[in-house]
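Raw data.txt, compact mmCIF, C-alpha atoms and all ligand atoms:
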```txt
# COMPACT_ATOMS: atom_id res chain seq x y z
CA MET A 820 -88.64 -0.39 65.83
CA THR A 821 -89.51 1.92 68.65
CA LEU A 822 -87.74 5.15 67.92
CA VAL A 823 -90.73 7.40 67.31
CA PHE A 824 -89.25 10.88 67.02
CA ALA A 825 -85.84 12.44 66.40
CA GLY A 826 -84.92 16.09 66.44
CA ALA A 827 -82.44 18.65 67.64
CA CYS A 828 -82.61 22.08 69.20
CA SER A 829 -80.65 24.85 70.89
CA HIS A 830 -80.18 25.15 74.63
CA ALA A 831 -78.49 28.51 75.23
CA PRO A 832 -79.25 29.81 78.73
CA GLY A 833 -80.08 33.25 77.32
CA ILE A 834 -83.23 31.81 75.72
CA THR A 835 -84.82 31.60 79.16
CA GLY A 836 -82.47 33.68 81.33
CA ARG A 837 -82.44 36.78 79.13
CA ALA A 838 -85.75 36.04 77.43
CA ASP A 839 -86.91 39.65 77.02
CA ARG A 840 -83.66 40.71 75.35
CA GLY A 841 -84.28 38.83 72.12
CA ASP A 842 -86.01 40.38 69.12
CA PRO A 843 -89.76 39.75 69.75
CA GLN A 844 -90.48 38.51 66.23
CA GLN A 845 -87.56 36.08 66.29
CA ARG A 846 -88.49 34.94 69.76
CA LYS A 847 -92.07 34.32 68.67
CA ASN A 848 -90.91 32.08 65.85
CA LEU A 849 -88.52 30.27 68.19
CA LEU A 850 -91.20 29.60 70.80
CA GLU A 851 -93.67 28.46 68.16
CA ASN A 852 -91.18 25.90 66.99
CA TYR A 853 -90.32 24.66 70.48
CA ASN A 854 -94.06 24.22 70.89
CA LYS A 855 -94.27 22.41 67.58
CA MET A 856 -91.58 20.00 68.80
CA ARG A 857 -93.38 19.56 72.11
CA LEU A 858 -96.51 18.54 70.20
CA ALA A 859 -94.57 16.33 67.80
CA ILE A 860 -93.04 14.41 70.71
CA LYS A 861 -96.44 14.11 72.34
CA SER A 862 -98.24 12.90 69.23
CA SER A 863 -95.44 10.41 68.51
CA GLY A 864 -96.64 8.55 71.58
CA ALA A 865 -93.14 8.62 73.09
CA GLU A 866 -92.98 7.06 76.55
CA ALA A 867 -89.41 8.19 77.17
CA LEU A 868 -87.24 11.01 75.92
CA ILE A 869 -83.52 10.64 75.36
CA VAL A 870 -81.80 14.01 75.45
CA ILE A 871 -78.36 13.92 73.86
CA ALA A 872 -76.75 16.93 75.43
CA ALA A 873 -73.45 18.63 76.00
CA GLU A 874 -73.24 19.72 79.57
CA HIS A 875 -71.02 22.43 80.93
CA PHE A 876 -69.02 21.17 83.93
CA ALA A 877 -72.09 20.71 86.13
CA ASN A 878 -71.62 16.97 86.70
CA PHE A 879 -68.54 15.98 84.79
CA PHE A 880 -65.17 17.48 85.47
CA MET A 881 -61.56 17.04 84.46
CA ASN A 882 -60.87 14.73 87.39
CA ASN A 883 -62.60 11.96 85.45
CA MET A 884 -64.20 13.23 82.27
CA PRO A 885 -66.26 10.70 80.32
CA ALA A 886 -66.42 11.14 76.56
CA TYR A 887 -69.90 9.58 76.73
CA CYS A 888 -72.24 9.14 79.65
CA ILE A 889 -75.84 7.94 79.96
CA GLY A 890 -78.01 8.58 83.00
CA MET A 891 -79.36 5.60 84.90
CA ALA A 892 -81.29 7.20 87.74
CA GLU A 893 -84.89 7.02 88.89
CA TYR A 894 -85.00 10.79 88.83
CA TYR A 895 -82.84 13.80 88.09
CA GLU A 896 -82.77 17.38 89.30
CA GLY A 897 -82.35 20.62 87.52
CA PRO A 898 -81.47 23.23 86.70
CA ILE A 899 -78.30 23.39 88.75
CA GLU A 900 -77.99 27.10 87.91
CA ASP A 901 -79.60 29.81 89.97
CA GLU A 902 -83.31 29.61 89.16
CA GLU A 903 -83.63 33.32 88.67
CA TRP A 904 -80.49 33.56 86.56
CA LEU A 905 -81.74 30.85 84.20
CA GLY A 906 -85.43 31.70 84.44
CA ILE A 907 -86.37 28.07 85.09
CA LYS A 908 -87.70 26.63 88.34
CA ARG A 909 -85.72 23.78 89.87
CA VAL A 910 -87.64 20.51 89.57
CA LYS A 911 -87.32 16.77 89.91
CA VAL A 912 -87.38 15.15 86.48
CA PRO A 913 -88.55 11.55 86.25
CA GLY A 914 -86.09 9.00 84.88
CA ASN A 915 -86.36 5.29 84.14
CA SER A 916 -83.40 3.37 85.52
CA LYS A 917 -84.53 0.05 84.09
CA LEU A 918 -84.87 1.39 80.56
CA SER A 919 -81.56 3.23 80.98
CA GLU A 920 -79.82 0.03 81.96
CA GLU A 921 -81.24 -1.80 78.94
CA ILE A 922 -80.03 0.95 76.64
CA ILE A 923 -76.61 1.27 78.26
CA GLN A 924 -76.02 -2.46 78.06
CA ILE A 925 -76.65 -2.44 74.32
CA VAL A 926 -74.69 0.76 73.64
CA MET A 927 -71.75 -0.78 75.48
CA ASN A 928 -71.33 -3.26 72.64
CA ASP A 929 -70.06 -0.38 70.53
CA THR A 930 -69.10 2.46 72.88
CA ASP A 931 -67.40 2.44 76.28
CA VAL A 932 -70.06 4.65 77.74
CA SER A 933 -70.04 5.59 81.42
CA TYR A 934 -73.25 5.77 83.40
CA ALA A 935 -74.49 8.00 86.20
CA GLN A 936 -77.12 7.42 88.85
CA GLU A 937 -76.88 11.01 89.98
CA TRP A 938 -77.14 13.92 87.59
CA LYS A 939 -78.02 17.54 88.10
CA PHE A 940 -79.17 18.96 84.80
CA ASP A 941 -77.71 22.26 83.73
CA HIS A 942 -79.16 24.58 81.08
CA GLY A 943 -78.01 22.13 78.39
CA ILE A 944 -80.92 19.86 79.32
CA SER A 945 -83.12 22.13 81.45
CA VAL A 946 -83.72 24.70 78.69
CA PRO A 947 -84.95 22.13 76.13
CA LEU A 948 -87.11 20.35 78.75
CA ASN A 949 -88.59 23.66 79.82
CA PHE A 950 -90.11 23.95 76.34
CA LEU A 951 -90.50 20.34 75.24
CA THR A 952 -91.84 18.69 78.40
CA PRO A 953 -92.93 21.64 80.55
CA ASP A 954 -95.00 19.39 82.83
CA TYR A 955 -92.09 16.95 83.35
CA ASP A 956 -94.51 14.11 82.70
CA ILE A 957 -92.31 11.89 80.56
CA ASP A 958 -89.32 9.79 81.62
CA VAL A 959 -86.09 11.44 80.56
CA ILE A 960 -82.83 9.65 79.88
CA PRO A 961 -79.99 12.14 79.77
CA VAL A 962 -77.02 11.44 77.55
CA ASN A 963 -73.86 13.48 77.58
CA ILE A 964 -71.14 13.87 75.01
CA ASN A 965 -68.22 15.87 76.31
CA CYS A 966 -68.04 18.88 74.01
CA GLN A 967 -66.34 21.36 76.30
CA GLY A 968 -62.72 21.11 75.30
CA PRO A 969 -59.99 18.85 74.03
CA PRO A 970 -59.31 16.02 74.12
CA LEU A 971 -62.69 15.55 72.43
CA THR A 972 -64.28 12.43 71.03
CA PRO A 973 -63.86 12.35 67.23
CA LEU A 974 -66.94 13.23 65.18
CA ASN A 975 -67.14 9.80 63.59
CA ARG A 976 -67.34 8.30 67.09
CA ALA A 977 -70.23 10.63 67.93
CA TYR A 978 -72.00 9.45 64.77
CA GLU A 979 -71.41 5.82 65.70
CA PHE A 980 -72.60 6.55 69.23
CA GLY A 981 -75.87 7.82 67.77
CA LYS A 982 -76.15 4.64 65.74
CA SER A 983 -75.71 2.46 68.79
CA ILE A 984 -78.32 4.47 70.70
CA ARG A 985 -80.65 3.81 67.80
CA LYS A 986 -79.89 0.11 67.98
CA ALA A 987 -80.72 0.18 71.66
CA CYS A 988 -83.98 2.07 71.10
CA ASP A 989 -85.08 -0.35 68.43
CA SER A 990 -84.44 -3.33 70.67
CA THR A 991 -86.81 -2.18 73.41
CA THR A 992 -90.58 -2.19 73.40
CA THR A 993 -90.74 1.32 74.84
CA LYS A 994 -91.54 4.16 72.44
CA ILE A 995 -88.65 6.57 72.54
CA ALA A 996 -88.03 10.08 71.26
CA ILE A 997 -84.52 11.47 70.81
CA VAL A 998 -83.61 15.12 70.94
CA GLY A 999 -80.05 16.32 70.46
CA THR A 1000 -79.18 19.71 71.82
CA GLY A 1001 -76.23 22.00 71.35
CA GLY A 1002 -74.38 24.42 69.08
CA ILE A 1003 -74.18 25.50 66.53
CA SER A 1004 -71.58 28.31 66.31
CA HIS A 1005 -71.29 30.29 69.51
CA TRP A 1006 -68.78 31.71 71.95
CA PRO A 1007 -70.55 31.20 75.25
CA CYS A 1008 -69.54 33.13 78.36
CA THR A 1009 -66.55 34.81 76.69
CA PRO A 1010 -66.00 38.37 75.49
CA ASP A 1011 -67.18 37.14 72.07
CA SER A 1012 -70.56 36.10 73.47
CA GLY A 1013 -73.19 37.17 70.93
CA LYS A 1014 -71.06 36.45 67.89
CA ILE A 1015 -72.81 34.04 65.50
CA ASN A 1016 -71.29 32.59 62.33
CA GLU A 1017 -74.37 32.23 60.16
CA ASP A 1018 -72.42 30.80 57.24
CA PHE A 1019 -70.98 28.06 59.39
CA ASP A 1020 -74.40 27.32 60.87
CA LYS A 1021 -76.19 27.20 57.52
CA THR A 1022 -73.59 24.96 55.94
CA PHE A 1023 -73.72 22.61 58.90
CA LEU A 1024 -77.52 22.58 58.92
CA LYS A 1025 -77.62 21.79 55.22
CA SER A 1026 -75.43 18.76 55.85
CA PHE A 1027 -77.56 17.78 58.83
CA ILE A 1028 -80.83 18.04 56.94
CA SER A 1029 -79.51 15.93 54.09
CA ASN A 1030 -77.78 13.65 56.63
CA ASP A 1031 -74.63 13.95 54.58
CA LYS A 1032 -72.38 11.83 56.76
CA LYS A 1033 -69.22 12.72 54.90
CA ALA A 1034 -69.85 16.45 55.20
CA LEU A 1035 -70.95 16.20 58.84
CA LEU A 1036 -67.78 14.37 59.79
CA SER A 1037 -65.47 16.59 57.76
CA TYR A 1038 -64.87 19.24 60.43
CA SER A 1039 -61.60 19.30 62.32
CA ASP A 1040 -61.78 20.59 65.89
CA LYS A 1041 -59.31 23.31 64.94
CA GLU A 1042 -61.57 24.52 62.15
CA THR A 1043 -64.66 24.30 64.34
CA TYR A 1044 -63.03 26.27 67.13
CA GLU A 1045 -61.78 28.96 64.78
CA LYS A 1046 -65.04 29.37 62.88
CA ALA A 1047 -67.65 28.38 65.44
CA GLY A 1048 -66.07 28.91 68.84
CA GLN A 1049 -66.04 26.61 71.83
CA GLY A 1050 -69.80 26.18 71.45
CA GLY A 1051 -69.22 24.75 67.99
CA PHE A 1052 -67.78 21.59 69.56
CA GLU A 1053 -71.39 20.79 70.46
CA ILE A 1054 -72.10 19.79 66.84
CA ARG A 1055 -71.39 16.32 68.24
CA THR A 1056 -74.91 16.18 69.68
CA TRP A 1057 -76.44 16.89 66.27
CA ILE A 1058 -74.10 14.42 64.64
CA ALA A 1059 -75.21 11.73 67.09
CA VAL A 1060 -78.84 12.37 66.08
CA ALA A 1061 -77.82 12.12 62.41
CA GLY A 1062 -76.14 8.82 63.25
CA ALA A 1063 -79.28 7.58 65.00
CA CYS A 1064 -81.17 8.34 61.78
CA GLU A 1065 -78.58 7.21 59.26
CA GLY A 1066 -80.12 6.94 55.81
CA SER A 1067 -82.94 9.40 56.47
CA THR A 1068 -83.12 13.12 55.91
CA GLY A 1069 -84.40 15.94 58.04
CA GLU A 1070 -86.23 19.22 58.04
CA LEU A 1071 -85.13 22.60 59.33
CA TRP A 1072 -87.90 24.18 61.39
CA CYS A 1073 -86.34 27.34 62.66
CA TYR A 1074 -83.08 29.26 62.47
CA GLU A 1075 -83.08 32.58 64.28
CA PRO A 1076 -79.70 34.13 65.05
CA ILE A 1077 -80.32 36.09 68.25
CA PRO A 1078 -77.12 37.76 69.54
CA ASN A 1079 -78.56 38.41 73.00
CA TYR A 1080 -79.18 34.69 73.34
CA ALA A 1081 -75.61 34.17 72.09
CA VAL A 1082 -76.58 31.60 69.47
CA GLY A 1083 -78.42 30.91 66.24
CA CYS A 1084 -81.57 29.43 67.75
CA THR A 1085 -82.33 26.29 65.80
CA LEU A 1086 -84.85 23.49 65.72
CA ALA A 1087 -84.87 20.63 63.26
CA SER A 1088 -86.26 17.14 62.97
CA MET A 1089 -85.06 13.93 61.36
CA GLU A 1090 -87.22 11.36 59.65
CA ILE A 1091 -87.35 7.93 61.19
CA SER A 1092 -87.04 5.20 58.63
CA MET B 1362 -50.08 27.76 87.52
CA SER B 1363 -52.77 25.46 88.86
CA LEU B 1364 -55.67 26.22 86.54
CA TYR B 1365 -57.10 22.80 87.23
CA TYR B 1366 -57.63 23.58 90.92
CA VAL B 1367 -59.07 27.05 90.29
CA GLN B 1368 -61.63 25.43 88.04
CA LYS B 1369 -62.21 22.60 90.48
CA LEU B 1370 -62.95 25.06 93.26
CA ILE B 1371 -65.54 26.85 91.12
CA TYR B 1372 -66.99 23.56 89.90
CA GLU B 1373 -67.52 22.47 93.51
CA LEU B 1374 -68.90 25.85 94.54
CA ASN B 1375 -71.46 25.47 91.78
CA ARG B 1376 -72.40 21.92 92.77
CA ASN B 1377 -72.09 21.52 96.51
CA PRO B 1378 -74.12 23.72 98.83
CA ASP B 1379 -71.70 22.68 101.65
CA THR B 1380 -68.74 24.07 99.73
CA THR B 1381 -70.64 27.30 99.11
CA LYS B 1382 -71.39 27.51 102.82
CA ARG B 1383 -67.71 27.04 103.69
CA PHE B 1384 -66.86 29.68 101.12
CA GLU B 1385 -69.09 32.13 102.96
CA LYS B 1386 -68.20 31.19 106.52
CA ASP B 1387 -64.67 29.82 106.44
CA ARG B 1388 -63.23 30.96 103.14
CA GLU B 1389 -59.50 30.79 103.87
CA ALA B 1390 -59.71 27.25 105.20
CA LEU B 1391 -61.62 26.19 102.09
CA LEU B 1392 -59.12 27.87 99.77
CA ALA B 1393 -56.27 26.15 101.62
CA ASP B 1394 -57.68 22.81 100.43
CA TYR B 1395 -56.80 23.70 96.84
CA ASP B 1396 -53.35 23.95 95.30
CA LEU B 1397 -53.49 27.62 94.26
CA THR B 1398 -50.85 30.23 93.47
CA ASP B 1399 -50.83 33.66 95.10
CA GLU B 1400 -52.07 35.23 91.88
CA GLU B 1401 -54.95 32.78 91.69
CA LEU B 1402 -55.83 33.36 95.32
CA THR B 1403 -55.87 37.12 94.79
CA ALA B 1404 -58.13 36.76 91.76
CA ILE B 1405 -60.51 34.45 93.61
CA ARG B 1406 -60.69 36.60 96.74
CA LYS B 1407 -61.26 39.92 95.00
CA PRO B 1408 -62.98 38.56 92.82
CA ASP B 1409 -61.09 39.56 89.69
CA ILE B 1410 -63.17 37.90 86.98
CA GLY B 1411 -60.98 39.41 84.25
CA LEU B 1412 -57.81 37.93 85.74
CA LEU B 1413 -59.45 34.53 86.24
CA TYR B 1414 -60.37 34.63 82.56
CA VAL B 1415 -56.80 35.54 81.59
CA LEU B 1416 -55.49 32.71 83.79
CA GLY B 1417 -57.54 30.41 81.57
CA VAL B 1418 -60.70 29.59 83.51
CA ASN B 1419 -63.26 28.27 81.05
CA GLY B 1420 -66.21 30.63 80.55
CA GLN B 1421 -68.66 27.81 81.24
CA ILE B 1422 -67.17 27.57 84.74
CA LEU B 1423 -66.33 31.21 85.23
CA MET B 1424 -69.90 32.36 84.63
CA HIS B 1425 -70.96 30.36 87.69
CA TYR B 1426 -68.42 32.19 89.82
CA ALA B 1427 -69.65 35.54 88.52
CA ALA B 1428 -73.23 34.46 89.26
CA LEU B 1429 -72.20 33.45 92.79
CA TRP B 1430 -71.04 37.03 93.32
CA LYS B 1431 -74.28 38.29 91.75
CA ILE B 1432 -72.38 40.02 88.96
CA PRO B 1433 -74.85 41.01 86.21
CA TRP B 1434 -74.36 39.39 82.81
CA ASP B 1435 -73.21 42.53 80.99
CA ASP B 1436 -70.70 43.35 83.73
CA TYR B 1437 -69.43 39.79 83.58
CA LEU B 1438 -68.74 40.11 79.84
CA LYS B 1439 -67.14 43.49 80.33
CA SER B 1440 -64.87 42.29 83.12
CA MET B 1441 -63.34 39.69 80.82
CA GLU B 1442 -62.61 42.34 78.20
CA ASN B 1443 -61.06 44.54 80.85
CA GLY B 1444 -59.06 41.59 82.13
CA ILE B 1445 -57.41 41.17 78.74
CA LYS B 1446 -56.64 44.88 78.56
CA GLU B 1447 -55.15 44.88 82.02
CA HIS B 1448 -53.38 41.52 82.18
CA GLY B 1449 -52.76 40.64 78.53
CA PRO B 1450 -54.01 37.70 76.46
CA VAL B 1451 -55.36 34.49 77.96
CA ARG B 1452 -52.39 32.47 79.17
CA ASN B 1453 -53.71 28.95 79.54
CA GLY B 1454 -56.58 26.63 78.68
CA LEU B 1455 -58.76 26.48 75.59
CA TYR B 1456 -58.85 30.18 74.72
CA ALA B 1457 -55.06 30.50 74.75
CA GLN B 1458 -54.97 28.32 71.63
CA THR B 1459 -56.15 30.97 69.22
CA GLU B 1460 -55.73 34.68 69.66
CA GLY B 1461 -55.84 34.44 73.44
CA LYS B 1462 -59.28 35.89 73.64
FE FE C 1501 -73.89 24.38 75.45
```

Starting from the coordinates I provided, produce the structure as structure tokens.
Ligand SMILES: [Fe+2]
Amino acid sequence: MTLVFAGACSHAPGITGRADRGDPQQRKNLLENYNKMRLAIKSSGAEALIVIAAEHFANFFMNNMPAYCIGMAEYYEGPIEDEEWLGIKRVKVPGNSKLSEEIIQIVMNDTDVSYAQEWKFDHGISVPLNFLTPDYDIDVIPVNINCQGPPLTPLNRAYEFGKSIRKACDSTTTKIAIVGTGGISHWPCTPDSGKINEDFDKTFLKSFISNDKKALLSYSDKETYEKAGQGGFEIRTWIAVAGACEGSTGELWCYEPIPNYAVGCTLASMEIS
Amino acid sequence: MSLYYVQKLIYELNRNPDTTKRFEKDREALLADYDLTDEELTAIRKPDIGLLYVLGVNGQILMHYAALWKIPWDDYLKSMENGIKEHGPVRNGLYAQTEGK
């Protein structure tokens, strides 16, 4: 088996774009844990990093919206946002089209995934990479689950998608790390920006950490939207990671609700078994 | 109401430097390429971020349009609140499903 690390983290643009507006103590803890994940990926020996993200209409639009997409390019670019606005310099990020193709071919046995040879990362991927691979020295394979609005892929499909990504990882000889990124409750870019439902987040995280499939898949989109906002739809990325690690449990590293970053800033890992 | 095309315009402005250039240099011709109502056109030209929000533009797209106009983050949030006060609850799209906010 060649999955060597699995985790999940937040990607809110405020984390880098409005960096100085977060509580310093909370920010310190957050950055320490991003750094911890950076080191964990490094020491895992990972040769490629799969980022399971939920992008925000930067590449995929309602003219032809894929429920699932995997990147298959030699390189990617990002962030698409204004560099100053996001606080991240635009860079070329190395990809691995051959490895992508191998993975996509295997995932296709279970999921009708689309693929993309052109992909401009938005904050959904650029913020995590900024902390996890700041030197952009590891091949990245971007994965997208549409989490923006209905019709949305059912949660059980996201779990199964994670399982098929795992299958694909384990069938290659390349050492691969997976990081999911999204959620949890938040109301991005709306008048409710800054609202955080800590109860929702903590309950979800408890289910994630114990990889309680039944609990993770129990949310209806209506309930998620009401309690966790549009951003809550992004639980799909976490659920995919749980699927990739079915049967193992995880560990919560950090949960810092920071209203000025508009999200409960979270990092967690999953055991690989 | 052609919410789809309002959002498509903003999506392309965010993605394609050529579209952004046309928006600066030849705005009316660019806008004519999209199926937009008079109300939508007014909101885009002004720009009336609050009205665009009420018309149902998704925040994840709308924030790019505000950034294009160099509208600071706090003003962007405020303009959506004002939009609701001025034009009523969100009429279309995702946010119209709950309390229209
Ligand atoms: Fe997001």

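For ligand FE 1501 (chain C), the protein and nucleic acid residues at most 7 Å away, judged by all atoms listed in the file, amount to His830, Ala831, Ala873, Glu874, His875, Gly943, Gly1001, Gly1002, Gly1050 and Glu1053 of chain A.
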
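Separating CA of Gly1062 in chain A from CA of Pro913 in chain A is a distance of 26.3 Å.
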
Point to revise | Distance-based interface of chain A with chain B, 9 Å, counting all atoms listed in the file, as a ChimeraX atom specification | key: /A:875-878,880-882,899-901,904,939,967-969,1007-1012,1044-1045,1049

Spatial sel., origin (-88.6, 27.5, 59.0), limit 9 Å, all atoms listed in the file, listed as a ChimeraX atom specification: /A:848,852,1070-1074,1086-1087

**OP:** Quick one: everything within 10 Å of range 1078-1082 of chain A, counting all atoms listed in the file, minus sequence neighbours fewer than 3 positions away in the same chain. Send it as a ChimeraX atom specification.
**Re:** /A:829-842,846,1001-1008,1011-1017,1020,1050,1074-1075,1085

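The space separating CA of Arg1388 in chain B from CA of Glu1401 in chain B comes to 14.2 Å.
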
The distance between CA of Tyr934 in chain A and CA of Ala872 in chain A is 14.2 Å

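Contact shell of Met927 in chain A at 10 Å (only C-alpha atoms; same-chain neighbours under 4 positions omitted): Ile922, Ile923, Asp931, Val932, Ser933, Phe980, Ser983, Ile984 and Ala987 of chain A.
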
Tell me which protein, DNA and RNA residues are within 8 Å of Cys988 in chain A, counting only C-alpha atoms, leaving out same-chain ones fewer than 6 positions away, and put them as a list in words. Met820, Thr821, Leu822, Ile922, Lys994 and Ile995 of chain A

Item checked: Residues within 10 Å of His1448 in chain B, all atoms listed in the file, excluding chain neighbours under 4 positions, as a ChimeraX atom specification -> /B:1411-1412,1414-1416,1443-1444,1452

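Shortest separation to Thr1398 in chain B among B:Glu1385, B:Gly1417, B:Leu1364, B:Ile1410 occurs at residue B:Leu1364, atoms counted being all atoms listed in the file.
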